[in-house]
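Asker: This structure is in structure tokens; I'll ask about it shortly.
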Amino acid sequence: MKWLAPFVIAAALFGGSVAGVRLYVDTGMEKAGEKKESLIYYNTDLRNSCKEALGWVLEENSIPVFGSSELSASDQVAYPPYLYKNGNSDFNMVLIGRGYMQSLHHAITLGGMADRIPDKKAVLILSPQWFTAGHLDSGTYASRFSERMYSEFLKNPQISKETKRRVTDRLKSLLPEDPPQLERIEKYEDVYVEGSINPVTHIEVGLYDSFMNLRQEYLFGKNAGTLPGKQEGEQEESETVESEKLDFRLLMEEAERAGQEACTNNSFYIYDEYYDTYVRNVEQERRGSEMYGSYGTSPEYDDLRIFLDVCKETGIEPLVISVPVNGRWYDWTGFPAAGRDVYYENIRRICGEYQVELADFSDKEYEIYFLKDVMHMGWKGWVYLDEAVYRFWKDEEVGRTGGGD
């Protein structure tokens, strides 16, 4: 047993070090916690990789909403941080996700934080553009991968070994260019999935896991501590939003006006700045360029199933949001309607298999101002989505939304 002695000594030294810095880290986290309202819509990788931080902002009056780049919008009509005044509301949508984060990312995060979701409900916003045959490349996936949340995911006893193996196998296929990280993933798997009895592996994983969790909390507390908070005696800029009083019909009218003001120089109903920057100079060369396009086959469908399996195993009730493409732009590029319809039908079929709620907006391809560009949610799209999420949270039928349209 002499070989074990160095690890025991290392563990003892580490424990002493942790005791010395724990107080410092807890102080930083406490200061960050005092600014909880500012953290509700603080949608950053640092917050979203910190289970403790997500636990703070997820309260009885909130719901986690997983998505990608559309969550970084800034529309001043129904975009959730604007609509709910950055947390000054009796209901909030905790946005989790940035560009290039898709079903597998969200399955891992959901599994890692499931015990912190008080209402046991969650929302997943799907983008058709996720469902390509080529899918994400390794570098893109790695740029958003959270090893901390993966560790929390594996430690969740509610998630089956089969699901944990499926996720781990996907990670191995997506992270081949980082050998040290792959080695750690395999060790996590040995300990948390396969139940390895090798004491060296257990000590090594335990030490590294504890250190990285401590580091994560330190970085988050340090960063979040710089956020502006309410000063003592400071008056509210406005009254707290009362979600029951939101008039989605009036919001839809406001969204229509905002869209009209923003989209004036093209027939695709893309907002002017985006069209001038990304479309105008390539418009003619993109015409007919996607004649063989389809979202019918993609590894993303299996990743979506993993997300729904995690929901099922952890007792989370999901609402899936099916966002359409910009029909006018897709017609211009020649992307076949059949290649889009097969995607919409696949989503309906998968949600039917799992018997989960689906807010299906696939019939909005040509509704102007639903999207703001070629793929991201627009002014009216957010109204539709906000109402669907609110109804879901209230245990009301999602059905047709948008102020009764």
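Chain identifiers are assigned as A, B, and so on, following the order in which chains appear in the structure tokens; residues are numbered from 1 within each chain, and ligands are numbered from 1 in order of appearance.
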List as a ChimeraX atom specification the protein and nucleic acid residues near region 193-198 of chain A, meaning an atom at most 9 Å away when only C-alpha atoms are counted, but skip any in the same chain fewer than 6 places from it.

Answerer: /A:154-155,160-162,164-165

Asker: Per residue of region 92-127 of chain A within 10 Å of region 314-322 of chain A, what are the shortest atom pair and its distance in Å to one decimal, counting only C-alpha atoms, with rows by chain and residue number, as JSON lines?

Answerer:
{"residue": "A:Leu110", "atom": "CA", "partner": "A:Ile316", "partner_atom": "CA", "distance": 9.0}
{"residue": "A:Gly111", "atom": "CA", "partner": "A:Thr314", "partner_atom": "CA", "distance": 7.3}
{"residue": "A:Met113", "atom": "CA", "partner": "A:Thr314", "partner_atom": "CA", "distance": 10.0}
{"residue": "A:Ala114", "atom": "CA", "partner": "A:Thr314", "partner_atom": "CA", "distance": 6.6}
{"residue": "A:Asp115", "atom": "CA", "partner": "A:Thr314", "partner_atom": "CA", "distance": 8.1}
{"residue": "A:Ile117", "atom": "CA", "partner": "A:Ile316", "partner_atom": "CA", "distance": 8.4}
{"residue": "A:Pro118", "atom": "CA", "partner": "A:Ile316", "partner_atom": "CA", "distance": 9.9}
{"residue": "A:Asp119", "atom": "CA", "partner": "A:Ile316", "partner_atom": "CA", "distance": 8.5}
{"residue": "A:Lys120", "atom": "CA", "partner": "A:Ile316", "partner_atom": "CA", "distance": 4.7}
{"residue": "A:Lys121", "atom": "CA", "partner": "A:Glu317", "partner_atom": "CA", "distance": 4.7}
{"residue": "A:Ala122", "atom": "CA", "partner": "A:Pro318", "partner_atom": "CA", "distance": 4.9}
{"residue": "A:Val123", "atom": "CA", "partner": "A:Leu319", "partner_atom": "CA", "distance": 4.7}
{"residue": "A:Leu124", "atom": "CA", "partner": "A:Val320", "partner_atom": "CA", "distance": 5.0}
{"residue": "A:Ile125", "atom": "CA", "partner": "A:Ile321", "partner_atom": "CA", "distance": 4.7}
{"residue": "A:Leu126", "atom": "CA", "partner": "A:Ser322", "partner_atom": "CA", "distance": 5.5}
{"residue": "A:Ser127", "atom": "CA", "partner": "A:Ser322", "partner_atom": "CA", "distance": 7.2}

Asker: Which residues are near Tyr278 (chain A)? Cut-off 10 Å, only C-alpha atoms, ignore same chain within fewer than 5 positions. Put them as a VMD selection string.

Answerer: chain A and resid 273 283 373

Asker: When distances are computed from only C-alpha atoms, which of A:Ala337, A:Glu256, A:Tyr218, A:Tyr301 shows the smallest separation from Cys351 (chain A)?

Answerer: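 Comparing A:Ala337, A:Glu256, A:Tyr218, A:Tyr301 against Cys351 (chain A), the winner is A:Tyr301.
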
Asker: Write out as a ChimeraX atom specification each polymer residue whose atoms come within 12 Å of region 394-398 of chain A, counting only C-alpha atoms; drop sequence neighbours fewer than 6 positions from it.

Answerer: /A:60-63,91,119-121,243-244,317-321,356-361,384-388,404

Asker: Mind checking DSSP for region 66-296 of chain A and telling me the strand (DSSP E or B) residues as a list in words?

Answerer: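 Of region 66-296 of chain A, only Phe66, Ser89, Asn92, Met93, Val94, Leu95, Ile96, Lys121, Ala122, Val123, Leu124, Ile125, Leu126 and Val241 of chain A fall in strand (DSSP E or B).
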
Asker: Could you pull out the helix (DSSP H, G or I) residues of region 307-339 of chain A from DSSP and send them as a ChimeraX atom specification?

Answerer: /A:307-314,327-333,337-339

Asker: For those residues, write N, CA, C and O atoms to a file as a JSON list (two decimals), in the first residue's frame.

Answerer:
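Full text of again22.json as output:
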[["chain", "number", "residue", "atom", "x", "y", "z"],
["A", 307, "PHE", "N", -31.59, 14.85, -24.73],
["A", 307, "PHE", "CA", -32.13, 15.92, -23.89],
["A", 307, "PHE", "C", -33.48, 15.48, -23.29],
["A", 307, "PHE", "O", -33.72, 15.65, -22.09],
["A", 308, "LEU", "N", -34.34, 14.92, -24.12],
["A", 308, "LEU", "CA", -35.66, 14.50, -23.64],
["A", 308, "LEU", "C", -35.57, 13.32, -22.69],
["A", 308, "LEU", "O", -36.37, 13.20, -21.75],
["A", 309, "ASP", "N", -34.59, 12.44, -22.89],
["A", 309, "ASP", "CA", -34.39, 11.34, -21.94],
["A", 309, "ASP", "C", -33.92, 11.87, -20.59],
["A", 309, "ASP", "O", -34.34, 11.36, -19.53],
["A", 310, "VAL", "N", -33.05, 12.88, -20.61],
["A", 310, "VAL", "CA", -32.61, 13.49, -19.35],
["A", 310, "VAL", "C", -33.81, 14.11, -18.64],
["A", 310, "VAL", "O", -33.95, 13.98, -17.41],
["A", 311, "CYS", "N", -34.67, 14.78, -19.39],
["A", 311, "CYS", "CA", -35.89, 15.35, -18.79],
["A", 311, "CYS", "C", -36.72, 14.26, -18.13],
["A", 311, "CYS", "O", -37.17, 14.38, -16.98],
["A", 312, "LYS", "N", -36.92, 13.17, -18.86],
["A", 312, "LYS", "CA", -37.76, 12.08, -18.35],
["A", 312, "LYS", "C", -37.18, 11.48, -17.09],
["A", 312, "LYS", "O", -37.90, 11.23, -16.11],
["A", 313, "GLU", "N", -35.87, 11.25, -17.07],
["A", 313, "GLU", "CA", -35.24, 10.59, -15.93],
["A", 313, "GLU", "C", -35.13, 11.49, -14.71],
["A", 313, "GLU", "O", -35.11, 10.99, -13.57],
["A", 314, "THR", "N", -35.07, 12.78, -14.91],
["A", 314, "THR", "CA", -34.94, 13.71, -13.78],
["A", 314, "THR", "C", -36.28, 14.31, -13.36],
["A", 314, "THR", "O", -36.33, 15.13, -12.45],
["A", 327, "GLY", "N", -38.98, 31.88, -44.67],
["A", 327, "GLY", "CA", -39.42, 31.27, -45.92],
["A", 327, "GLY", "C", -39.01, 32.02, -47.17],
["A", 327, "GLY", "O", -38.62, 31.41, -48.17],
["A", 328, "ARG", "N", -39.06, 33.32, -47.12],
["A", 328, "ARG", "CA", -38.71, 34.12, -48.30],
["A", 328, "ARG", "C", -37.22, 33.97, -48.64],
["A", 328, "ARG", "O", -36.87, 33.80, -49.81],
["A", 329, "TRP", "N", -36.38, 34.01, -47.63],
["A", 329, "TRP", "CA", -34.95, 33.85, -47.87],
["A", 329, "TRP", "C", -34.62, 32.43, -48.32],
["A", 329, "TRP", "O", -33.84, 32.22, -49.25],
["A", 330, "TYR", "N", -35.22, 31.44, -47.68],
["A", 330, "TYR", "CA", -34.96, 30.05, -48.06],
["A", 330, "TYR", "C", -35.45, 29.76, -49.48],
["A", 330, "TYR", "O", -34.83, 28.99, -50.21],
["A", 331, "ASP", "N", -36.55, 30.37, -49.86],
["A", 331, "ASP", "CA", -37.01, 30.21, -51.25],
["A", 331, "ASP", "C", -36.00, 30.82, -52.21],
["A", 331, "ASP", "O", -35.71, 30.27, -53.28],
["A", 332, "TRP", "N", -35.45, 31.97, -51.84],
["A", 332, "TRP", "CA", -34.47, 32.65, -52.69],
["A", 332, "TRP", "C", -33.23, 31.78, -52.88],
["A", 332, "TRP", "O", -32.69, 31.69, -53.99],
["A", 333, "THR", "N", -32.78, 31.13, -51.81],
["A", 333, "THR", "CA", -31.59, 30.29, -51.92],
["A", 333, "THR", "C", -31.89, 28.94, -52.55],
["A", 333, "THR", "O", -30.96, 28.16, -52.81],
["A", 337, "ALA", "N", -38.69, 23.24, -50.02],
["A", 337, "ALA", "CA", -39.70, 23.20, -48.96],
["A", 337, "ALA", "C", -39.76, 21.82, -48.33],
["A", 337, "ALA", "O", -39.97, 21.67, -47.12],
["A", 338, "ALA", "N", -39.56, 20.78, -49.14],
["A", 338, "ALA", "CA", -39.60, 19.41, -48.61],
["A", 338, "ALA", "C", -38.47, 19.18, -47.61],
["A", 338, "ALA", "O", -38.64, 18.45, -46.63],
["A", 339, "GLY", "N", -37.32, 19.81, -47.83],
["A", 339, "GLY", "CA", -36.18, 19.67, -46.92],
["A", 339, "GLY", "C", -36.40, 20.38, -45.61],
["A", 339, "GLY", "O", -35.72, 20.08, -44.61]]

Asker: Applying 10 Å and only C-alpha atoms, which residues near Ser362 (chain A) remain after dropping the ones on its own chain fewer than 5 positions away? List them as a PDB file with N, CA and C atoms, in the first residue's frame.

Answerer:
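In the end it all went to result_35.pdb:
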ATOM      1  N   ILE A 321     -39.787  24.382 -28.280  1.00  0.00           N
ATOM      2  CA  ILE A 321     -40.195  25.454 -29.190  1.00  0.00           C
ATOM      3  C   ILE A 321     -39.625  25.162 -30.576  1.00  0.00           C
ATOM      4  N   SER A 322     -40.503  25.004 -31.562  1.00  0.00           N
ATOM      5  CA  SER A 322     -40.073  24.763 -32.939  1.00  0.00           C
ATOM      6  C   SER A 322     -40.129  26.077 -33.709  1.00  0.00           C
ATOM      7  N   VAL A 323     -38.947  26.641 -33.977  1.00  0.00           N
ATOM      8  CA  VAL A 323     -38.826  27.929 -34.672  1.00  0.00           C
ATOM      9  C   VAL A 323     -38.742  27.674 -36.179  1.00  0.00           C
ATOM     10  N   PRO A 324     -39.424  28.456 -36.993  1.00  0.00           N
ATOM     11  CA  PRO A 324     -39.366  28.251 -38.446  1.00  0.00           C
ATOM     12  C   PRO A 324     -38.144  28.922 -39.072  1.00  0.00           C
ATOM     13  N   VAL A 325     -37.951  28.643 -40.339  1.00  0.00           N
ATOM     14  CA  VAL A 325     -36.945  29.374 -41.117  1.00  0.00           C
ATOM     15  C   VAL A 325     -37.613  30.592 -41.742  1.00  0.00           C
ATOM     16  N   ARG A 340     -37.319  21.350 -45.601  1.00  0.00           N
ATOM     17  CA  ARG A 340     -37.706  22.021 -44.368  1.00  0.00           C
ATOM     18  C   ARG A 340     -38.841  21.257 -43.683  1.00  0.00           C
ATOM     19  N   ASP A 341     -39.809  20.802 -44.479  1.00  0.00           N
ATOM     20  CA  ASP A 341     -40.974  20.117 -43.915  1.00  0.00           C
ATOM     21  C   ASP A 341     -40.595  18.823 -43.203  1.00  0.00           C
ATOM     22  N   TYR A 343     -37.971  18.292 -41.543  1.00  0.00           N
ATOM     23  CA  TYR A 343     -37.475  18.673 -40.222  1.00  0.00           C
ATOM     24  C   TYR A 343     -38.637  18.949 -39.270  1.00  0.00           C
ATOM     25  N   TYR A 344     -39.578  19.776 -39.705  1.00  0.00           N
ATOM     26  CA  TYR A 344     -40.719  20.095 -38.841  1.00  0.00           C
ATOM     27  C   TYR A 344     -41.457  18.832 -38.419  1.00  0.00           C
ATOM     28  N   GLU A 345     -41.628  17.912 -39.363  1.00  0.00           N
ATOM     29  CA  GLU A 345     -42.343  16.670 -39.061  1.00  0.00           C
ATOM     30  C   GLU A 345     -41.530  15.794 -38.111  1.00  0.00           C
TER      31      GLU A 345
END
